[in-house]
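Participant: Supplied in structure tokens, the structure appears directly below.
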Amino acid sequence: MNIPVSFEFFPPKTPEGVEKLRLTRQALYAHQPEFCSVTFGAGGSTQEGTFSTVKAIQEEGVTAVSHFSCVGATRSTVRDQLGALRAMGVRRLVALRGDLPSGYGIGGEFQYASDLVAFIRLETGDAFHIDVAAYPEIHPQAKSAEADLNAFSTKVRAGADSAITQYFFNADAYFRFVDDVRRLGVEVPVVPGIMPITSSTQLMRFSDACGAEIPRWIRLRLQGYGDDTASIRSFGLDVITALCDQLRAAGVPGIHFYTMNQAAATSEIIRRLKPA
């Protein structure tokens, strides 16, 4: 597969989870990822797990990228966390506002991801490559499509180097998003984020929460399989491989896989992608 790939993990909560993720990483490293990113909990709830997972990836000789959320953060805490990451040798971040915990106001000294990006640049200059999030199907809390595009543009102008999208199943949404931000003068690479389909109920729950649209034909096929996990997996591999082929043919700058700490589906999709 002659296109850069990268993988996202979330911090495990148990010693068993830590070991399982270590084995998952080892399996996925065979695909020579450009980097592996680690998510950050709402309100910093998994910050310790994030940093320990990032450190483990760095020690395994792979470029580790830390998600960095500003929900509830102060300039002082962000400054300390940036220092800790730099000391670990981390040179790339995904800067996010972050999800708000239930019943939680914005809090902290940063209201938007663009505020965080600007602060990181002010504090650290070019020490970090900064990725930001992009939403081809519009952020679920955006007032309008135009407002969402403007928010993205603001993040990039604040100092972002590139973007990774929320996952999607409709390639046209991604292509339209890239065309729209180019018209706004935004030229940074926009890497598509891809979610392998391995579980019908999990996928629908995640998609409803984050505003990713599951096309009707995919949703109905998944519902029709019921509890037949083998059919769901087979169908999911076909759908996502075809999507990745379409994106690669269009010349995307890379593909970022949301692995859900599993190796099998992502590895199989990469193996299936035909040489260009």
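Chains: A, B, ... in order of the structure tokens. Residues: from 1 per chain. Ligands: from 1, in order shown.
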So that I can see what lies close to Cys36 in chain A, please list as a JSON list (two decimals) with N, CA, C and O atoms, in the first residue's frame the residues with an atom at most 10 Å from it, counting only C-alpha atoms and leaving out residues fewer than 5 positions away in the same chain.
Facilitator:
```
[["chain", "number", "residue", "atom", "x", "y", "z"],
["A", 5, "VAL", "N", 0.04, 5.60, 6.16],
["A", 5, "VAL", "CA", -1.06, 5.24, 7.07],
["A", 5, "VAL", "C", -0.65, 5.62, 8.49],
["A", 5, "VAL", "O", 0.53, 5.71, 8.82],
["A", 6, "SER", "N", -1.66, 5.87, 9.31],
["A", 6, "SER", "CA", -1.44, 6.14, 10.72],
["A", 6, "SER", "C", -2.58, 5.51, 11.49],
["A", 6, "SER", "O", -3.64, 5.21, 10.94],
["A", 7, "PHE", "N", -2.36, 5.31, 12.80],
["A", 7, "PHE", "CA", -3.33, 4.58, 13.62],
["A", 7, "PHE", "C", -3.64, 5.36, 14.89],
["A", 7, "PHE", "O", -2.76, 5.98, 15.48],
["A", 8, "GLU", "N", -4.91, 5.28, 15.30],
["A", 8, "GLU", "CA", -5.30, 5.90, 16.56],
["A", 8, "GLU", "C", -5.66, 4.84, 17.58],
["A", 8, "GLU", "O", -6.33, 3.86, 17.27],
["A", 9, "PHE", "N", -5.21, 5.06, 18.82],
["A", 9, "PHE", "CA", -5.53, 4.19, 19.95],
["A", 9, "PHE", "C", -6.15, 5.02, 21.07],
["A", 9, "PHE", "O", -5.99, 6.24, 21.10],
["A", 25, "ARG", "N", -0.52, -3.05, 18.91],
["A", 25, "ARG", "CA", 0.47, -2.16, 18.28],
["A", 25, "ARG", "C", 1.52, -2.96, 17.52],
["A", 25, "ARG", "O", 1.87, -2.62, 16.39],
["A", 28, "LEU", "N", 0.22, -4.03, 14.24],
["A", 28, "LEU", "CA", 0.01, -2.94, 13.28],
["A", 28, "LEU", "C", 1.31, -2.29, 12.83],
["A", 28, "LEU", "O", 1.37, -1.70, 11.75],
["A", 29, "TYR", "N", 2.35, -2.38, 13.63],
["A", 29, "TYR", "CA", 3.64, -1.80, 13.23],
["A", 29, "TYR", "C", 4.16, -2.44, 11.94],
["A", 29, "TYR", "O", 4.99, -1.84, 11.25],
["A", 54, "VAL", "N", 1.61, 7.07, 25.10],
["A", 54, "VAL", "CA", 2.49, 7.80, 24.18],
["A", 54, "VAL", "C", 3.95, 7.44, 24.45],
["A", 54, "VAL", "O", 4.73, 7.17, 23.52],
["A", 57, "ILE", "N", 4.80, 3.98, 23.09],
["A", 57, "ILE", "CA", 4.95, 3.97, 21.63],
["A", 57, "ILE", "C", 6.30, 4.56, 21.24],
["A", 57, "ILE", "O", 7.02, 4.01, 20.38],
["A", 58, "GLN", "N", 6.66, 5.68, 21.87],
["A", 58, "GLN", "CA", 7.97, 6.29, 21.59],
["A", 58, "GLN", "C", 9.10, 5.31, 21.86],
["A", 58, "GLN", "O", 10.05, 5.19, 21.07],
["A", 62, "VAL", "N", 8.48, 4.09, 17.40],
["A", 62, "VAL", "CA", 7.48, 4.60, 16.46],
["A", 62, "VAL", "C", 7.11, 6.03, 16.88],
["A", 62, "VAL", "O", 7.08, 6.35, 18.07],
["A", 63, "THR", "N", 6.83, 6.87, 15.90],
["A", 63, "THR", "CA", 6.44, 8.25, 16.20],
["A", 63, "THR", "C", 5.09, 8.27, 16.90],
["A", 63, "THR", "O", 4.09, 7.80, 16.36],
["A", 64, "ALA", "N", 5.06, 8.80, 18.11],
["A", 64, "ALA", "CA", 3.83, 8.87, 18.90],
["A", 64, "ALA", "C", 3.29, 10.30, 18.86],
["A", 64, "ALA", "O", 4.05, 11.27, 18.94],
["A", 65, "VAL", "N", 1.98, 10.39, 18.70],
["A", 65, "VAL", "CA", 1.30, 11.69, 18.64],
["A", 65, "VAL", "C", 0.27, 11.73, 19.76],
["A", 65, "VAL", "O", -0.56, 10.82, 19.87],
["A", 66, "SER", "N", 0.36, 12.75, 20.59],
["A", 66, "SER", "CA", -0.59, 12.87, 21.69],
["A", 66, "SER", "C", -1.75, 13.77, 21.32],
["A", 66, "SER", "O", -1.56, 14.88, 20.83],
["A", 256, "HIS", "N", -5.86, 7.69, 7.99],
["A", 256, "HIS", "CA", -5.73, 7.56, 9.44],
["A", 256, "HIS", "C", -6.82, 6.60, 9.92],
["A", 256, "HIS", "O", -8.00, 6.87, 9.75],
["A", 257, "PHE", "N", -6.42, 5.47, 10.50],
["A", 257, "PHE", "CA", -7.38, 4.46, 10.93],
["A", 257, "PHE", "C", -7.71, 4.60, 12.41],
["A", 257, "PHE", "O", -6.81, 4.61, 13.26]]
```
Participant: Taking the chain letters and numbering used in this document, name the residues of range 11-202 of chain A that DSSP puts in alpha helix (DSSP H), as a VMD selection string.
Facilitator: chain A and resid 15 to 28 47 to 59 75 to 88 113 to 124 145 to 157 171 to 183 200 to 202
Participant: Can you work out which one of A:Thr77, A:Asn150, A:Ser69, A:Asn170 has the shortest atom-to-atom distance to Pro192 in chain A, counting only C-alpha atoms?
Facilitator: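 Smallest distance to Pro192 in chain A is found for A:Asn170.
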Participant: So that I can check the surroundings of range 264-269 of chain A, please list as a list in words every protein, DNA and RNA residue that reaches within 8 Å of it, counting only C-alpha atoms and ignoring chain neighbours fewer than 6 positions away.
Facilitator: Leu28, His31, Pro196, Ile197, Thr198, Arg233, Leu237, Ile240, Thr241 and Phe257 of chain A
Participant: Each residue of range 75-163 of chain A lying at most 12 Å from range 212-217 of chain A should get a row with its shortest atom-to-atom pair and the distance in Å to one decimal, counting only C-alpha atoms; could you produce that, ordered by chain and increasing number, as a tab-separated table?
Facilitator:
```
residue	atom	partner	partner_atom	distance
A:Ala134	CA	A:Ala212	CA	11.8
A:Tyr135	CA	A:Ala212	CA	8.7
A:Pro136	CA	A:Ala212	CA	8.8
A:Glu137	CA	A:Ala212	CA	6.6
A:Ile138	CA	A:Ala212	CA	8.6
A:His139	CA	A:Ala212	CA	8.9
A:Pro140	CA	A:Ala212	CA	8.6
```
Participant: Which of these residues is nearest to Leu247 in chain A, using only C-alpha atoms: A:Ala171, A:Ile130, A:Leu149, A:Ala56?
Facilitator: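 Going through A:Ala171, A:Ile130, A:Leu149, A:Ala56 one by one, the smallest distance to Leu247 in chain A is for A:Ala171.
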Participant: Hey, can you check how far CA of Val38 in chain A sits from CA of Asn2 in chain A?
Facilitator: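 That distance, rounded to one decimal, is 23.9 Å.
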Participant: Figure out the distance between CA of His67 in chain A and CA of Ala84 in chain A, please, to one decimal in Å.
Facilitator: 13.5 Å
Participant: Please compute the CA of Glu123 in chain A-CA of Phe40 in chain A distance, one decimal, in Å.
Facilitator: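 Between CA of Glu123 in chain A and CA of Phe40 in chain A the gap works out to 20.5 Å.
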